[in-house]
$ cat structure08.pdb   # PDB, C-alpha atoms
ATOM      1  CA  MET U 522      -8.816  -8.352 -13.421  1.00  0.00           C
ATOM      2  CA  SER U 523      -8.463 -11.931 -14.533  1.00  0.00           C
ATOM      3  CA  ARG U 524      -5.706 -14.185 -13.254  1.00  0.00           C
ATOM      4  CA  ALA U 525      -4.203 -14.087 -16.749  1.00  0.00           C
ATOM      5  CA  GLY U 526      -4.114 -10.282 -16.594  1.00  0.00           C
ATOM      6  CA  LYS U 527      -2.283 -10.357 -13.269  1.00  0.00           C
ATOM      7  CA  LYS U 528       0.193 -12.900 -14.593  1.00  0.00           C
ATOM      8  CA  GLU U 529       0.872 -10.809 -17.685  1.00  0.00           C
ATOM      9  CA  ARG U 530       1.452  -7.707 -15.566  1.00  0.00           C
ATOM     10  CA  ARG U 531       4.014  -9.559 -13.415  1.00  0.00           C
ATOM     11  CA  GLU U 532       5.791 -10.853 -16.508  1.00  0.00           C
ATOM     12  CA  ARG U 533       5.987  -7.339 -17.972  1.00  0.00           C
ATOM     13  CA  ASN U 534       7.202  -5.796 -14.704  1.00  0.00           C
ATOM     14  CA  PRO U 535       9.105  -8.498 -12.818  1.00  0.00           C
ATOM     15  CA  GLU U 536      11.229  -5.903 -11.023  1.00  0.00           C
ATOM     16  CA  MET U 537       8.244  -4.060  -9.525  1.00  0.00           C
ATOM     17  CA  ASP U 538       7.872  -4.215  -5.757  1.00  0.00           C
ATOM     18  CA  CYS U 539       4.697  -4.318  -3.692  1.00  0.00           C
ATOM     19  CA  TRP U 540       3.883  -2.195  -0.661  1.00  0.00           C
ATOM     20  CA  LEU U 541       1.220  -1.538   1.944  1.00  0.00           C
ATOM     21  CA  VAL U 542       0.387   1.959   3.181  1.00  0.00           C
ATOM     22  CA  LYS U 543      -1.753   2.609   6.243  1.00  0.00           C
ATOM     23  CA  SER U 544      -4.033   5.529   6.907  1.00  0.00           C
ATOM     24  CA  ASP U 545      -6.465   6.306   9.681  1.00  0.00           C
ATOM     25  CA  PRO U 546      -9.818   6.736   7.903  1.00  0.00           C
ATOM     26  CA  ASP U 547     -10.646   9.610  10.265  1.00  0.00           C
ATOM     27  CA  THR U 548      -7.801  11.495   8.548  1.00  0.00           C
ATOM     28  CA  TYR U 549      -7.533  10.175   4.977  1.00  0.00           C
ATOM     29  CA  THR U 550      -9.538   7.450   3.243  1.00  0.00           C
ATOM     30  CA  TRP U 551      -9.481   5.366   0.109  1.00  0.00           C
ATOM     31  CA  ASP U 552     -12.385   7.510  -1.130  1.00  0.00           C
ATOM     32  CA  ASP U 553     -10.221  10.626  -0.685  1.00  0.00           C
ATOM     33  CA  LEU U 554      -7.567   9.131  -2.962  1.00  0.00           C
ATOM     34  CA  VAL U 555     -10.206   8.135  -5.525  1.00  0.00           C
ATOM     35  CA  ARG U 556     -11.808  11.592  -5.420  1.00  0.00           C
ATOM     36  CA  LEU U 557      -8.431  13.279  -5.990  1.00  0.00           C
ATOM     37  CA  GLY U 558      -7.302  10.728  -8.580  1.00  0.00           C
ATOM     38  CA  ARG U 559      -3.682  11.213  -7.550  1.00  0.00           C
ATOM     39  CA  ASP U 560      -2.226  12.428  -4.295  1.00  0.00           C
ATOM     40  CA  HIS U 561       0.908  12.688  -2.190  1.00  0.00           C
ATOM     41  CA  TRP U 562       1.567  10.042   0.434  1.00  0.00           C
ATOM     42  CA  ASP U 563       3.130  12.404   2.943  1.00  0.00           C
ATOM     43  CA  GLY U 564       3.368  13.141   6.641  1.00  0.00           C
ATOM     44  CA  VAL U 565       5.373   9.989   7.430  1.00  0.00           C
ATOM     45  CA  ARG U 566       7.599  10.596  10.465  1.00  0.00           C
ATOM     46  CA  ASN U 567       9.107   7.169  11.078  1.00  0.00           C
ATOM     47  CA  TYR U 568      12.570   6.381   9.698  1.00  0.00           C
ATOM     48  CA  ALA U 569      11.787   2.796   8.655  1.00  0.00           C
ATOM     49  CA  ALA U 570       8.605   3.900   6.838  1.00  0.00           C
ATOM     50  CA  ARG U 571      10.512   6.811   5.277  1.00  0.00           C
ATOM     51  CA  ASN U 572      13.134   4.399   3.976  1.00  0.00           C
ATOM     52  CA  HIS U 573      10.391   2.316   2.374  1.00  0.00           C
ATOM     53  CA  LEU U 574       9.025   5.445   0.677  1.00  0.00           C
ATOM     54  CA  ARG U 575      12.508   6.128  -0.692  1.00  0.00           C
ATOM     55  CA  GLU U 576      12.603   2.606  -2.186  1.00  0.00           C
ATOM     56  CA  MET U 577       9.292   2.931  -4.036  1.00  0.00           C
ATOM     57  CA  LYS U 578       9.509   3.121  -7.824  1.00  0.00           C
ATOM     58  CA  VAL U 579       7.015   4.267 -10.434  1.00  0.00           C
ATOM     59  CA  GLY U 580       4.724   1.356 -11.247  1.00  0.00           C
ATOM     60  CA  ASP U 581       5.084  -0.394  -7.890  1.00  0.00           C
ATOM     61  CA  GLU U 582       1.764  -1.691  -6.573  1.00  0.00           C
ATOM     62  CA  VAL U 583       0.383  -0.663  -3.193  1.00  0.00           C
ATOM     63  CA  LEU U 584      -2.219  -2.104  -0.836  1.00  0.00           C
ATOM     64  CA  PHE U 585      -4.265   0.649   0.842  1.00  0.00           C
ATOM     65  CA  TYR U 586      -5.012  -0.189   4.486  1.00  0.00           C
ATOM     66  CA  HIS U 587      -7.530   1.583   6.709  1.00  0.00           C
ATOM     67  CA  SER U 588      -6.175   1.456  10.257  1.00  0.00           C
ATOM     68  CA  GLY U 589      -7.966   2.538  13.442  1.00  0.00           C
ATOM     69  CA  GLU U 590     -11.305   0.853  14.067  1.00  0.00           C
ATOM     70  CA  GLU U 591     -11.629  -0.623  10.561  1.00  0.00           C
ATOM     71  CA  ARG U 592      -8.330  -2.516  10.148  1.00  0.00           C
ATOM     72  CA  VAL U 593      -8.968  -3.585   6.538  1.00  0.00           C
ATOM     73  CA  ILE U 594      -7.164  -3.490   3.239  1.00  0.00           C
ATOM     74  CA  ILE U 595      -9.611  -1.693   1.019  1.00  0.00           C
ATOM     75  CA  GLY U 596      -7.958  -1.597  -2.412  1.00  0.00           C
ATOM     76  CA  THR U 597      -4.868  -1.215  -4.561  1.00  0.00           C
ATOM     77  CA  ALA U 598      -2.998   1.801  -5.827  1.00  0.00           C
ATOM     78  CA  LYS U 599       0.206   2.382  -7.752  1.00  0.00           C
ATOM     79  CA  VAL U 600       3.213   4.628  -7.334  1.00  0.00           C
ATOM     80  CA  VAL U 601       3.208   7.344  -9.997  1.00  0.00           C
ATOM     81  CA  ARG U 602       5.990   9.584  -8.638  1.00  0.00           C
ATOM     82  CA  GLU U 603       9.057   8.453  -6.752  1.00  0.00           C
ATOM     83  CA  SER U 604      10.221  10.029  -3.503  1.00  0.00           C
ATOM     84  CA  PHE U 605      10.517  13.791  -3.286  1.00  0.00           C
ATOM     85  CA  PRO U 606      10.764  16.222  -0.347  1.00  0.00           C
ATOM     86  CA  ASP U 607       7.667  15.998   1.840  1.00  0.00           C
ATOM     87  CA  PRO U 608       5.670  19.205   1.238  1.00  0.00           C
ATOM     88  CA  THR U 609       4.219  19.093   4.778  1.00  0.00           C
ATOM     89  CA  THR U 610       7.562  19.968   6.398  1.00  0.00           C
ATOM     90  CA  ALA U 611      10.706  22.015   5.783  1.00  0.00           C
ATOM     91  CA  ASP U 612      12.781  19.195   7.324  1.00  0.00           C
ATOM     92  CA  ASP U 613      14.617  17.569   4.416  1.00  0.00           C
ATOM     93  CA  ARG U 614      14.828  14.174   6.167  1.00  0.00           C
ATOM     94  CA  TRP U 615      11.237  13.361   5.194  1.00  0.00           C
ATOM     95  CA  VAL U 616       9.896  12.318   1.797  1.00  0.00           C
ATOM     96  CA  ALA U 617       6.620  11.633   0.041  1.00  0.00           C
ATOM     97  CA  VAL U 618       5.511   9.700  -3.048  1.00  0.00           C
ATOM     98  CA  ASP U 619       2.514  10.163  -5.318  1.00  0.00           C
ATOM     99  CA  LEU U 620      -0.104   7.420  -5.573  1.00  0.00           C
ATOM    100  CA  GLU U 621      -3.049   6.774  -7.878  1.00  0.00           C
ATOM    101  CA  PRO U 622      -5.892   4.390  -7.069  1.00  0.00           C
ATOM    102  CA  ILE U 623      -6.164   1.205  -9.141  1.00  0.00           C
ATOM    103  CA  SER U 624      -9.172  -0.656  -7.749  1.00  0.00           C
ATOM    104  CA  LYS U 625     -11.325  -0.992  -4.668  1.00  0.00           C
ATOM    105  CA  PHE U 626     -11.828  -4.510  -3.354  1.00  0.00           C
ATOM    106  CA  THR U 627     -15.302  -5.997  -3.568  1.00  0.00           C
ATOM    107  CA  ARG U 628     -14.614  -7.517  -0.130  1.00  0.00           C
ATOM    108  CA  PRO U 629     -12.202  -5.577   2.116  1.00  0.00           C
ATOM    109  CA  VAL U 630      -9.595  -7.893   3.634  1.00  0.00           C
ATOM    110  CA  SER U 631      -9.568  -7.582   7.426  1.00  0.00           C
ATOM    111  CA  LEU U 632      -6.559  -7.801   9.688  1.00  0.00           C
ATOM    112  CA  GLN U 633      -8.256 -10.761  11.388  1.00  0.00           C
ATOM    113  CA  GLN U 634      -8.566 -12.505   8.016  1.00  0.00           C
ATOM    114  CA  ILE U 635      -4.880 -11.864   7.254  1.00  0.00           C
ATOM    115  CA  LYS U 636      -3.930 -13.350  10.636  1.00  0.00           C
ATOM    116  CA  SER U 637      -5.956 -16.486   9.934  1.00  0.00           C
ATOM    117  CA  GLU U 638      -4.945 -17.041   6.299  1.00  0.00           C
ATOM    118  CA  LYS U 639      -2.343 -19.695   5.669  1.00  0.00           C
ATOM    119  CA  GLY U 640       0.648 -18.118   3.986  1.00  0.00           C
ATOM    120  CA  LEU U 641       0.111 -14.581   5.296  1.00  0.00           C
ATOM    121  CA  GLN U 642       1.437 -14.993   8.837  1.00  0.00           C
ATOM    122  CA  GLU U 643       4.902 -13.798   7.775  1.00  0.00           C
ATOM    123  CA  MET U 644       3.717 -10.375   6.624  1.00  0.00           C
ATOM    124  CA  SER U 645       5.540  -7.520   8.344  1.00  0.00           C
ATOM    125  CA  LEU U 646       2.123  -5.950   8.988  1.00  0.00           C
ATOM    126  CA  LEU U 647       1.613  -8.620  11.660  1.00  0.00           C
ATOM    127  CA  ARG U 648       5.077  -8.253  13.199  1.00  0.00           C
ATOM    128  CA  ILE U 649       5.506  -4.467  13.075  1.00  0.00           C
ATOM    129  CA  SER U 650       1.911  -3.331  13.356  1.00  0.00           C
ATOM    130  CA  ARG U 651       2.593   0.355  14.047  1.00  0.00           C
ATOM    131  CA  LEU U 652       4.661   0.948  10.899  1.00  0.00           C
ATOM    132  CA  SER U 653       2.726   2.991   8.303  1.00  0.00           C
ATOM    133  CA  VAL U 654       4.545   1.767   5.171  1.00  0.00           C
ATOM    134  CA  HIS U 655       5.454  -1.896   4.639  1.00  0.00           C
ATOM    135  CA  LYS U 656       7.126  -3.843   1.869  1.00  0.00           C
ATOM    136  CA  VAL U 657       4.934  -6.783   0.815  1.00  0.00           C
ATOM    137  CA  ALA U 658       6.136  -9.982  -0.849  1.00  0.00           C
ATOM    138  CA  ARG U 659       4.544 -10.569  -4.271  1.00  0.00           C
ATOM    139  CA  PRO U 660       2.868 -13.850  -3.189  1.00  0.00           C
ATOM    140  CA  HIS U 661       1.302 -12.077  -0.187  1.00  0.00           C
ATOM    141  CA  PHE U 662       0.159  -9.174  -2.369  1.00  0.00           C
ATOM    142  CA  ASP U 663      -1.426 -11.549  -4.890  1.00  0.00           C
ATOM    143  CA  GLN U 664      -3.130 -13.585  -2.160  1.00  0.00           C
ATOM    144  CA  ILE U 665      -4.632 -10.455  -0.597  1.00  0.00           C
ATOM    145  CA  VAL U 666      -5.860  -9.199  -3.983  1.00  0.00           C
ATOM    146  CA  GLU U 667      -7.471 -12.588  -4.589  1.00  0.00           C
ATOM    147  CA  LEU U 668      -9.154 -12.466  -1.167  1.00  0.00           C
ATOM    148  CA  GLY U 669     -10.427  -8.955  -1.849  1.00  0.00           C
ATOM    149  CA  ASN U 670     -11.870  -9.759  -5.243  1.00  0.00           C
TER
END
$ encode --input "structure08.pdb" --output "structure tokens"
Amino acid sequence: MSRAGKKERRERNPEMDCWLVKSDPDTYTWDDLVRLGRDHWDGVRNYAARNHLREMKVGDEVLFYHSGEERVIIGTAKVVRESFPDPTTADDRWVAVDLEPISKFTRPVSLQQIKSEKGLQEMSLLRISRLSVHKVARPHFDQIVELGN
């Protein structure tokens, strides 16, 4: 997408938030989300991450991060269904959201690259590395998308 396209999208949806979700590629990959076209983001069992899921709104943009050995942001997705009871448990404390893929990066953005990029050192991903769902500031989101494309 051109820079103009990104700017137009922000102007149309200035209230939209940005997020990062992490998945171990041995369990669930970007390609799984693409193959399914739309899927639940479920199985989160951390209260801070759960609270982030509850904050997500339809249209919010999401960075998809492969954790484990890879440690790269591989693409972007969007929230298409706001929080609902997590179907993987009967415990009503946990929620899920539905995501759809938007685009895969031409160059995955590594954790090492994020650590070395000026302007990205304040990302919560670097401070709270074990959290599976993070809120991302719009300037950080845009910088990562630019690095990936």
$ axis_aligned_box --input "structure08.pdb" --around "range 637-654 of chain U" --padding-each-side "8 Å" --output "AutoDock Vina command-line options"
--center_x -0.2 --center_y -8.4 --center_z 9.0 --size_x 27.5 --size_y 38.7 --size_z 26.1
$ resolve_selection --input "structure08.pdb" --expression "the PyMOL selection byres ((chain U and resi 606) around 7)" --output "list of chain:residue names"
U:Ser604, U:Phe605, U:Asp607, U:Pro608, U:Asp613, U:Trp615, U:Val616, U:Ala617
$ closest_residue --input "structure08.pdb" --among "U:Trp540, U:Tyr549, U:Trp562, U:Phe585" --to "Asp619 in chain U" --atoms "all atoms listed in the file"
U:Trp562
$ resolve_selection --input "structure08.pdb" --expression "the PyMOL selection byres ((chain U and resi 670) around 6)" --output "list in words"
Phe626, Thr627, Glu667, Leu668 and Gly669 of chain U
$ closest_residue --input "structure08.pdb" --among "U:Lys639, U:Pro660, U:Val601, U:Glu621" --to "Arg556 in chain U" --atoms "all atoms listed in the file"
U:Glu621
$ atom_distance --input "structure08.pdb" --atom1 "CA of Ser653 in chain U" --atom2 "CA of Pro546 in chain U"
13.1 Å
$ resolve_selection --input "structure08.pdb" --expression "the PyMOL selection byres ((chain U and resi 630) around 10)" --output "PyMOL selection string"
chain U and resi 586+592-596+626-629+631-635+665-670
$ residues_near_point --input "structure08.pdb" --point "(11.4, 4.5, 10.6)" --cutoff "12 Å" --atoms "all atoms listed in the file" --output "PyMOL selection string"
chain U and resi 565-575+614-616+649+651-655
$ closest_residue --input "structure08.pdb" --among "U:Asp563, U:His587, U:Lys636, U:Leu646" --to "Thr610 in chain U" --atoms "all atoms listed in the file"
U:Asp563
$ atom_distance --input "structure08.pdb" --atom1 "CA of Gly589 in chain U" --atom2 "CA of Trp551 in chain U"
13.7 Å
$ atom_distance --input "structure08.pdb" --atom1 "CA of Ser544 in chain U" --atom2 "CA of Ile623 in chain U"
16.8 Å
$ closest_residue --input "structure08.pdb" --among "U:Asp552, U:Glu576, U:Asp581, U:Asp612" --to "Met537 in chain U" --atoms "all atoms listed in the file"
U:Asp581
